[in-house]
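Working notes, structure below.
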Amino acid sequence: MAVGAAALVLAAGAWGCRSAQSQSSQSAPGNSATATVTARRGTFVRTVRVAGITEAVRSAALAAPRMAGQGNPTLVITRLVKSGSRVRAGDVLVEFDPQAQIRAAFDRLTDFQEMEQQIRRVEAEQAAQYAGDETAMTRAQNDVGRAELEVRKNRVLPAIEAEKNNLSLEETQARLVEVREARGLRRRTAEADMMIMQIRRERLERALRHAEQNAAYMVVKAPFEGIAIVQPVFKGSAMTEIQEGDEVRPGMPIVSVVDPGTMQVRARVSQIDAALVAAGQSVRLTLDAYPGLLFQGVVKQVAPLAITSTVTPPVRSFVALVSVAGSDASMMPDLSAAVDVTVQKREQVLMLPREAVVIEAGGAWVRLRKGRSFTRQAIAVAEVSEEQVVVQSGLSEGAVVARSAAGGV
């Protein structure tokens with residue numbers, strides 16, 4: 001009887017142990033559909049996330065015009081486009097008060113017309129003078145001709161009469177030389193005076209042209225279709241937008257026109273990831289202001305030289321330009337964006353979620369399901385990303401493992 005009782009107790013203990021093991025196996029996380037994953041083949045994608053700011057590929061900054069031929073007068077804005085307005089090529093963006101330029105153009109026109117009248121008057125005077133010189137020249141030549149005829153009579157005239165004829169010829173010849181030289185000097189003097197007046201005329205004409213251009217500069221138009229953005233300026237100690245009625249200096253930025261149809265992101269790549277990011281890689285990007293929007297793009301350029309961060313000076317970064325495919329009304333300049341750059345991609349590889357694999361110094365392992373329990377299974381890992389792990393060996397396709405390996409075996 002004592003032996004039978006002992007056998008019954010041992011049997012009951014064995015049954016209790018098996019019952020406890022069964023309950024432990026049933027309560028394991030891998031027994032439920034949500035606690036296990038299956039090793040399957042697929043596309044492994046490794047990405048690097050960088051942050052950047054959106055900007056327009058095509059943009060134009062329009063400033064207050066610089067007056068040609070003038071100093072630096074201030075300009076008063078009389079008309080200004082509303083910031084954020086959509087404009088077409090040729091639409092008026094800014095108008096400045098043109099009164100000063102119109103007055104200047106009128107004054108230059110008056111000066112130019114006066115110089116034109118003066119030149120015509122001098123030309124008429126010079127023409128009359130040239131005619132008088134030609135008349136005097138002809139008269140002197142005729143006098144020489146008559147004197148030469150009288151000299152031919154010297155053979156039949158008394159000596160005293162012949163001497164008078166010779167003296168008269170010499171006098172008329174000297175007079176002819178004098179008239180010819182005087183005519184040449186007056187001609188050169190007149191040409192020099194006219195050249196001086198022509199130079200003055202050209203200067204006045206240039207000043208008139210500049211004044212007319214300055215008057216035309218008072219209207220600034222959009223160079224292409226896009227969105228007009230009024231530039232902020234400091235007024236006192238606050239930053240505010242320029243308004244109608246404000247006085248601005250020449251060269252001061254007033255409004256920018258950006259084409260939202262062609263956008264890009266200027267991102268900074270950390271020096272740690274700089275070796276992974278290269279031109280031509282595909283990207284996915286989202287806007288912090290509109291997290292529901294997803295855009296595709298391509299890395300267009302990576303700067304060869306690093307720049308210093310203003311926040312953490314020891315950490316260097318590289319500027320990368322990312323072109324954005326497509327357009328959206330929400331895609332505007334100066335928005336912060338998160339860019340996921342695809343730095344590695346492998347097709348038809350055996351993969352598991354990252355949380356299903358424990359990677360230690362001695363190697364990697366998973367919790368492999370065998371029957372109703374899990375056992376620790378060592379594996380070899382080829383590639384690792386934040387979300388996926390590529391299994392090189394130690395696991396076959398279709399194997400079921402615990403979704404979270406942190407609990408151990």
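By convention here, the chains of the structure tokens are called A, B, ... in the order presented, each chain's residues are numbered starting at 1, and ligands are numbered starting at 1 in the order presented.
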List the neighbours of stretch 55-70 of chain A out to 10 Å using only C-alpha atoms; skip same-chain residues closer than 5 positions along the sequence, and give me the result as an mmCIF file with N, CA and C atoms, in the first residue's frame.
```
data_model
loop_
_atom_site.group_PDB
_atom_site.id
_atom_site.type_symbol
_atom_site.label_atom_id
_atom_site.label_comp_id
_atom_site.auth_asym_id
_atom_site.auth_seq_id
_atom_site.Cartn_x
_atom_site.Cartn_y
_atom_site.Cartn_z
ATOM 1 N N LEU A 75 13.261 105.899 -53.008
ATOM 2 C CA LEU A 75 12.081 105.719 -53.849
ATOM 3 C C LEU A 75 10.886 105.415 -52.963
ATOM 4 N N VAL A 76 9.730 105.924 -53.353
ATOM 5 C CA VAL A 76 8.495 105.718 -52.597
ATOM 6 C C VAL A 76 7.629 104.713 -53.347
ATOM 7 N N ILE A 77 7.219 103.660 -52.645
ATOM 8 C CA ILE A 77 6.381 102.633 -53.255
ATOM 9 C C ILE A 77 4.940 103.126 -53.294
ATOM 10 N N LEU A 93 4.386 94.109 -60.359
ATOM 11 C CA LEU A 93 4.619 93.721 -58.973
ATOM 12 C C LEU A 93 4.795 94.943 -58.070
ATOM 13 N N VAL A 94 5.592 95.893 -58.521
ATOM 14 C CA VAL A 94 5.888 97.079 -57.721
ATOM 15 C C VAL A 94 5.870 98.298 -58.635
ATOM 16 N N GLU A 95 5.317 99.379 -58.117
ATOM 17 C CA GLU A 95 5.400 100.672 -58.791
ATOM 18 C C GLU A 95 5.959 101.693 -57.804
ATOM 19 N N PHE A 96 6.875 102.524 -58.290
ATOM 20 C CA PHE A 96 7.447 103.585 -57.483
ATOM 21 C C PHE A 96 6.953 104.934 -58.001
ATOM 22 N N GLN A 101 11.590 111.202 -61.564
ATOM 23 C CA GLN A 101 12.212 110.714 -62.783
ATOM 24 C C GLN A 101 11.606 111.377 -64.009
ATOM 25 N N ARG A 206 22.808 110.912 -73.832
ATOM 26 C CA ARG A 206 22.970 109.803 -72.901
ATOM 27 C C ARG A 206 22.231 110.078 -71.594
ATOM 28 N N ALA A 207 22.313 111.297 -71.103
ATOM 29 C CA ALA A 207 21.581 111.656 -69.889
ATOM 30 C C ALA A 207 20.077 111.556 -70.111
ATOM 31 N N LEU A 208 19.605 111.955 -71.296
ATOM 32 C CA LEU A 208 18.175 111.836 -71.610
ATOM 33 C C LEU A 208 17.752 110.370 -71.653
ATOM 34 N N ARG A 209 18.588 109.536 -72.273
ATOM 35 C CA ARG A 209 18.261 108.112 -72.345
ATOM 36 C C ARG A 209 18.233 107.483 -70.956
ATOM 37 N N HIS A 210 19.190 107.853 -70.116
ATOM 38 C CA HIS A 210 19.197 107.346 -68.740
ATOM 39 C C HIS A 210 17.952 107.806 -67.985
ATOM 40 N N ALA A 211 17.577 109.072 -68.170
ATOM 41 C CA ALA A 211 16.390 109.580 -67.484
ATOM 42 C C ALA A 211 15.134 108.851 -67.938
ATOM 43 N N GLU A 212 15.040 108.585 -69.238
ATOM 44 C CA GLU A 212 13.879 107.839 -69.740
ATOM 45 C C GLU A 212 13.885 106.410 -69.215
ATOM 46 N N GLN A 213 15.064 105.787 -69.134
ATOM 47 C CA GLN A 213 15.153 104.444 -68.571
ATOM 48 C C GLN A 213 14.773 104.447 -67.097
ATOM 49 N N ASN A 214 15.230 105.453 -66.371
ATOM 50 C CA ASN A 214 14.883 105.539 -64.952
ATOM 51 C C ASN A 214 13.379 105.638 -64.763
ATOM 52 N N ALA A 215 12.729 106.392 -65.626
ATOM 53 C CA ALA A 215 11.268 106.490 -65.545
ATOM 54 C C ALA A 215 10.620 105.137 -65.824
ATOM 55 N N TYR A 217 12.026 102.286 -65.166
ATOM 56 C CA TYR A 217 12.359 101.416 -64.048
ATOM 57 C C TYR A 217 11.369 101.551 -62.889
ATOM 58 N N MET A 218 10.542 102.557 -62.905
ATOM 59 C CA MET A 218 9.604 102.772 -61.811
ATOM 60 C C MET A 218 8.505 101.720 -61.770
ATOM 61 N N VAL A 219 8.403 100.904 -62.809
ATOM 62 C CA VAL A 219 7.431 99.810 -62.850
ATOM 63 C C VAL A 219 8.215 98.498 -62.949
ATOM 64 N N VAL A 220 8.049 97.631 -61.962
ATOM 65 C CA VAL A 220 8.734 96.342 -61.926
ATOM 66 C C VAL A 220 7.717 95.253 -62.216
ATOM 67 N N LYS A 221 8.013 94.410 -63.206
ATOM 68 C CA LYS A 221 7.078 93.376 -63.642
ATOM 69 C C LYS A 221 7.645 91.987 -63.362
ATOM 70 N N ALA A 222 6.754 91.000 -63.325
ATOM 71 C CA ALA A 222 7.145 89.614 -63.057
ATOM 72 C C ALA A 222 7.859 89.038 -64.271
ATOM 73 N N PRO A 223 9.039 88.427 -64.085
ATOM 74 C CA PRO A 223 9.761 87.860 -65.227
ATOM 75 C C PRO A 223 9.165 86.547 -65.723
ATOM 76 N N PHE A 224 8.425 85.840 -64.867
ATOM 77 C CA PHE A 224 7.799 84.581 -65.263
ATOM 78 C C PHE A 224 6.636 84.303 -64.319
ATOM 79 N N GLY A 226 4.528 82.638 -61.443
ATOM 80 C CA GLY A 226 4.879 82.052 -60.161
ATOM 81 C C GLY A 226 4.115 82.701 -59.031
ATOM 82 N N ILE A 227 4.688 82.643 -57.865
ATOM 83 C CA ILE A 227 4.078 83.212 -56.653
ATOM 84 C C ILE A 227 4.965 84.355 -56.167
ATOM 85 N N ALA A 228 4.344 85.501 -55.904
ATOM 86 C CA ALA A 228 5.062 86.679 -55.431
ATOM 87 C C ALA A 228 5.151 86.645 -53.910
ATOM 88 N N ILE A 229 6.346 86.866 -53.394
ATOM 89 C CA ILE A 229 6.582 86.868 -51.954
ATOM 90 C C ILE A 229 7.279 88.183 -51.599
ATOM 91 N N VAL A 230 6.605 89.008 -50.812
ATOM 92 C CA VAL A 230 7.171 90.286 -50.388
ATOM 93 C C VAL A 230 8.243 90.026 -49.343
ATOM 94 N N GLN A 231 9.399 90.669 -49.510
ATOM 95 C CA GLN A 231 10.530 90.439 -48.627
ATOM 96 C C GLN A 231 10.352 91.203 -47.311
ATOM 97 N N VAL A 248 12.281 103.290 -49.895
ATOM 98 C CA VAL A 248 13.309 102.252 -49.996
ATOM 99 C C VAL A 248 14.512 102.821 -50.732
ATOM 100 N N ARG A 249 15.649 102.188 -50.505
ATOM 101 C CA ARG A 249 16.881 102.599 -51.156
ATOM 102 C C ARG A 249 17.105 101.772 -52.420
ATOM 103 N N PRO A 250 17.803 102.319 -53.402
ATOM 104 C CA PRO A 250 18.113 101.526 -54.607
ATOM 105 C C PRO A 250 18.895 100.271 -54.254
ATOM 106 N N GLY A 251 18.527 99.168 -54.879
ATOM 107 C CA GLY A 251 19.169 97.888 -54.627
ATOM 108 C C GLY A 251 18.583 97.101 -53.481
ATOM 109 N N MET A 252 17.602 97.662 -52.782
ATOM 110 C CA MET A 252 16.994 96.976 -51.636
ATOM 111 C C MET A 252 15.989 95.937 -52.140
ATOM 112 N N PRO A 253 16.076 94.649 -51.709
ATOM 113 C CA PRO A 253 15.124 93.629 -52.156
ATOM 114 C C PRO A 253 13.697 93.979 -51.756
ATOM 115 N N ILE A 254 12.778 93.865 -52.711
ATOM 116 C CA ILE A 254 11.383 94.211 -52.470
ATOM 117 C C ILE A 254 10.493 92.972 -52.502
ATOM 118 N N VAL A 255 10.568 92.216 -53.588
ATOM 119 C CA VAL A 255 9.685 91.059 -53.758
ATOM 120 C C VAL A 255 10.433 89.995 -54.542
ATOM 121 N N SER A 256 10.095 88.749 -54.273
ATOM 122 C CA SER A 256 10.663 87.611 -55.000
ATOM 123 C C SER A 256 9.547 86.856 -55.697
ATOM 124 N N VAL A 257 9.867 86.317 -56.850
ATOM 125 C CA VAL A 257 8.932 85.481 -57.599
ATOM 126 C C VAL A 257 9.526 84.076 -57.662
ATOM 127 N N VAL A 258 8.770 83.102 -57.196
ATOM 128 C CA VAL A 258 9.229 81.713 -57.194
ATOM 129 C C VAL A 258 8.277 80.877 -58.022
ATOM 130 N N ASP A 259 8.819 79.886 -58.681
ATOM 131 C CA ASP A 259 8.028 78.947 -59.478
ATOM 132 C C ASP A 259 7.798 77.694 -58.641
ATOM 133 N N PRO A 260 6.586 77.499 -58.096
ATOM 134 C CA PRO A 260 6.359 76.328 -57.237
ATOM 135 C C PRO A 260 6.291 75.019 -58.002
ATOM 136 N N GLY A 261 6.272 75.094 -59.334
ATOM 137 C CA GLY A 261 6.194 73.867 -60.114
ATOM 138 C C GLY A 261 7.482 73.078 -60.131
ATOM 139 N N THR A 262 8.600 73.717 -59.873
ATOM 140 C CA THR A 262 9.892 73.033 -59.838
ATOM 141 C C THR A 262 10.559 73.361 -58.506
ATOM 142 N N MET A 263 10.477 72.419 -57.578
ATOM 143 C CA MET A 263 10.995 72.627 -56.231
ATOM 144 C C MET A 263 12.145 71.668 -55.956
ATOM 145 N N GLN A 264 12.942 72.025 -54.977
ATOM 146 C CA GLN A 264 14.016 71.170 -54.507
ATOM 147 C C GLN A 264 14.181 71.369 -53.007
ATOM 148 N N VAL A 265 14.913 70.465 -52.396
ATOM 149 C CA VAL A 265 15.180 70.535 -50.960
ATOM 150 C C VAL A 265 16.677 70.674 -50.766
ATOM 151 N N ARG A 266 17.071 71.649 -49.984
ATOM 152 C CA ARG A 266 18.471 71.829 -49.620
ATOM 153 C C ARG A 266 18.655 71.206 -48.234
ATOM 154 N N LEU A 321 21.480 68.694 -52.568
ATOM 155 C CA LEU A 321 20.308 69.209 -53.257
ATOM 156 C C LEU A 321 19.484 68.033 -53.760
ATOM 157 N N SER A 323 16.062 67.054 -55.847
ATOM 158 C CA SER A 323 14.989 67.505 -56.727
ATOM 159 C C SER A 323 13.708 66.765 -56.375
ATOM 160 N N VAL A 324 12.583 67.479 -56.407
ATOM 161 C CA VAL A 324 11.280 66.929 -56.036
ATOM 162 C C VAL A 324 10.484 66.651 -57.302
ATOM 163 N N MET A 331 3.296 72.492 -51.444
ATOM 164 C CA MET A 331 4.745 72.519 -51.585
ATOM 165 C C MET A 331 5.189 73.946 -51.888
ATOM 166 N N MET A 332 5.602 74.647 -50.845
ATOM 167 C CA MET A 332 6.011 76.035 -50.947
ATOM 168 C C MET A 332 7.451 76.179 -50.445
ATOM 169 N N PRO A 333 8.117 77.277 -50.792
ATOM 170 C CA PRO A 333 9.487 77.476 -50.306
ATOM 171 C C PRO A 333 9.535 77.680 -48.796
ATOM 172 N N ASP A 334 10.700 77.406 -48.222
ATOM 173 C CA ASP A 334 11.015 77.641 -46.809
ATOM 174 C C ASP A 334 10.204 76.771 -45.859
ATOM 175 N N LEU A 335 9.848 75.553 -46.291
ATOM 176 C CA LEU A 335 9.185 74.588 -45.408
ATOM 177 C C LEU A 335 10.212 73.523 -45.005
ATOM 178 N N SER A 336 10.159 73.101 -43.756
ATOM 179 C CA SER A 336 11.059 72.050 -43.303
ATOM 180 C C SER A 336 10.577 70.709 -43.825
#
```
Would you return as a PDB file with C-alpha atoms, in the first residue's frame the members of stretch 230-347 of chain A that DSSP assigns to strand (DSSP E or B) on this structure's backbone?
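What landed in part-v4.pdb:
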```pdb
ATOM      1  CA  VAL A 230       7.171  90.286 -50.388  1.00  0.00           C
ATOM      2  CA  PRO A 232      10.610  91.292 -44.902  1.00  0.00           C
ATOM      3  CA  VAL A 233      12.727  94.195 -43.682  1.00  0.00           C
ATOM      4  CA  PHE A 234      13.726  95.671 -40.348  1.00  0.00           C
ATOM      5  CA  LYS A 235      11.671  98.618 -39.183  1.00  0.00           C
ATOM      6  CA  ALA A 238      11.078  94.453 -35.592  1.00  0.00           C
ATOM      7  CA  MET A 239      10.962  92.452 -38.795  1.00  0.00           C
ATOM      8  CA  THR A 240       7.989  93.363 -40.973  1.00  0.00           C
ATOM      9  CA  GLU A 241       6.960  93.315 -44.608  1.00  0.00           C
ATOM     10  CA  GLU A 247      10.661 104.663 -48.793  1.00  0.00           C
ATOM     11  CA  VAL A 248      13.309 102.252 -49.996  1.00  0.00           C
ATOM     12  CA  PRO A 253      15.124  93.629 -52.156  1.00  0.00           C
ATOM     13  CA  ILE A 254      11.383  94.211 -52.470  1.00  0.00           C
ATOM     14  CA  VAL A 255       9.685  91.059 -53.758  1.00  0.00           C
ATOM     15  CA  SER A 256      10.663  87.611 -55.000  1.00  0.00           C
ATOM     16  CA  VAL A 257       8.932  85.481 -57.599  1.00  0.00           C
ATOM     17  CA  VAL A 258       9.229  81.713 -57.194  1.00  0.00           C
ATOM     18  CA  MET A 263      10.995  72.627 -56.231  1.00  0.00           C
ATOM     19  CA  GLN A 264      14.016  71.170 -54.507  1.00  0.00           C
ATOM     20  CA  VAL A 265      15.180  70.535 -50.960  1.00  0.00           C
ATOM     21  CA  ARG A 266      18.471  71.829 -49.620  1.00  0.00           C
ATOM     22  CA  ALA A 267      19.402  69.263 -46.969  1.00  0.00           C
ATOM     23  CA  ARG A 268      22.349  68.723 -44.667  1.00  0.00           C
ATOM     24  CA  VAL A 269      23.932  65.280 -44.516  1.00  0.00           C
ATOM     25  CA  SER A 270      25.884  64.433 -41.370  1.00  0.00           C
ATOM     26  CA  SER A 282      16.091  58.006 -55.026  1.00  0.00           C
ATOM     27  CA  VAL A 283      14.419  59.609 -52.025  1.00  0.00           C
ATOM     28  CA  ARG A 284      11.074  59.901 -50.298  1.00  0.00           C
ATOM     29  CA  LEU A 285      10.329  63.147 -48.529  1.00  0.00           C
ATOM     30  CA  THR A 286       7.594  64.525 -46.323  1.00  0.00           C
ATOM     31  CA  LEU A 287       6.842  68.026 -45.116  1.00  0.00           C
ATOM     32  CA  LEU A 294       4.559  62.051 -49.621  1.00  0.00           C
ATOM     33  CA  PHE A 295       6.837  63.117 -52.469  1.00  0.00           C
ATOM     34  CA  GLN A 296       9.381  61.244 -54.529  1.00  0.00           C
ATOM     35  CA  GLY A 297      12.686  62.698 -55.630  1.00  0.00           C
ATOM     36  CA  VAL A 298      16.318  62.184 -56.551  1.00  0.00           C
ATOM     37  CA  VAL A 299      19.562  63.386 -55.003  1.00  0.00           C
ATOM     38  CA  LYS A 300      20.819  65.877 -57.571  1.00  0.00           C
ATOM     39  CA  GLN A 301      24.062  67.043 -56.028  1.00  0.00           C
ATOM     40  CA  VAL A 302      26.210  66.599 -52.919  1.00  0.00           C
ATOM     41  CA  ILE A 307      30.405  73.038 -43.563  1.00  0.00           C
ATOM     42  CA  THR A 308      30.413  73.685 -39.827  1.00  0.00           C
ATOM     43  CA  ARG A 316      30.457  68.777 -39.905  1.00  0.00           C
ATOM     44  CA  SER A 317      27.802  68.291 -42.562  1.00  0.00           C
ATOM     45  CA  PHE A 318      27.526  68.276 -46.341  1.00  0.00           C
ATOM     46  CA  VAL A 319      24.888  70.161 -48.313  1.00  0.00           C
ATOM     47  CA  ALA A 320      22.813  68.013 -50.673  1.00  0.00           C
ATOM     48  CA  LEU A 321      20.308  69.209 -53.257  1.00  0.00           C
ATOM     49  CA  VAL A 322      17.290  66.954 -53.761  1.00  0.00           C
ATOM     50  CA  SER A 323      14.989  67.505 -56.727  1.00  0.00           C
ATOM     51  CA  VAL A 324      11.280  66.929 -56.036  1.00  0.00           C
ATOM     52  CA  SER A 336      11.059  72.050 -43.303  1.00  0.00           C
ATOM     53  CA  ALA A 337      11.201  68.586 -44.839  1.00  0.00           C
ATOM     54  CA  ALA A 338      12.320  65.091 -43.819  1.00  0.00           C
ATOM     55  CA  VAL A 339      14.147  63.241 -46.592  1.00  0.00           C
ATOM     56  CA  ASP A 340      14.689  59.473 -46.605  1.00  0.00           C
ATOM     57  CA  VAL A 341      17.514  58.659 -49.010  1.00  0.00           C
ATOM     58  CA  THR A 342      17.660  55.083 -50.339  1.00  0.00           C
ATOM     59  CA  VAL A 343      21.340  54.203 -49.935  1.00  0.00           C
ATOM     60  CA  GLN A 344      21.051  50.438 -50.434  1.00  0.00           C
ATOM     61  CA  LYS A 345      18.566  48.104 -52.123  1.00  0.00           C
ATOM     62  CA  ARG A 346      18.675  44.303 -52.534  1.00  0.00           C
ATOM     63  CA  GLU A 347      16.081  42.156 -54.281  1.00  0.00           C
TER      64      GLU A 347
END
```
### Summary
In terms of only C-alpha atoms, the residue from A:Val48, A:Asp246, A:Glu114, A:Asp193 at minimal distance from A:Thr74 is A:Asp246
### Query
as a VMD selection string, which residues of stretch 119-363 of chain A does DSSP assign to alpha helix (DSSP H)?
chain A and resid 119 to 151 159 to 216
### Task
Please identify all polymer residues within 8 Å of A:Arg40, counting only C-alpha atoms, omitting same-chain residues fewer than 2 positions from it, and present them as a PyMOL selection string.
chain A and resi 38+42+349-352+397-398
#### Entry: Å distance separating atom CA of A:Ala402 from atom CA of A:Val390, one decimal place
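Atom CA of A:Val390 lies 16.1 Å from atom CA of A:Ala402.
Among the candidate residues A:Asp288, A:Ala329, A:Ala356, A:Arg200, the one lying nearest to A:Gln113 is A:Arg200, with distances computed using only C-alpha atoms.
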### Message
Can you measure atom CA of A:Ala136 to atom CA of A:Val179 for me? One decimal in Å is fine.
### Response
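Atom CA of A:Ala136 sits 6.9 Å away from atom CA of A:Val179.
Minimum distance to A:Arg120 across A:Met197, A:Val92, A:Ala174, A:Ala182 (counting only C-alpha atoms) occurs at A:Met197.
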### Query
At what distance in Å, to one decimal, does atom CA of A:Gly145 lie from atom CA of A:Glu178?
16.1 Å
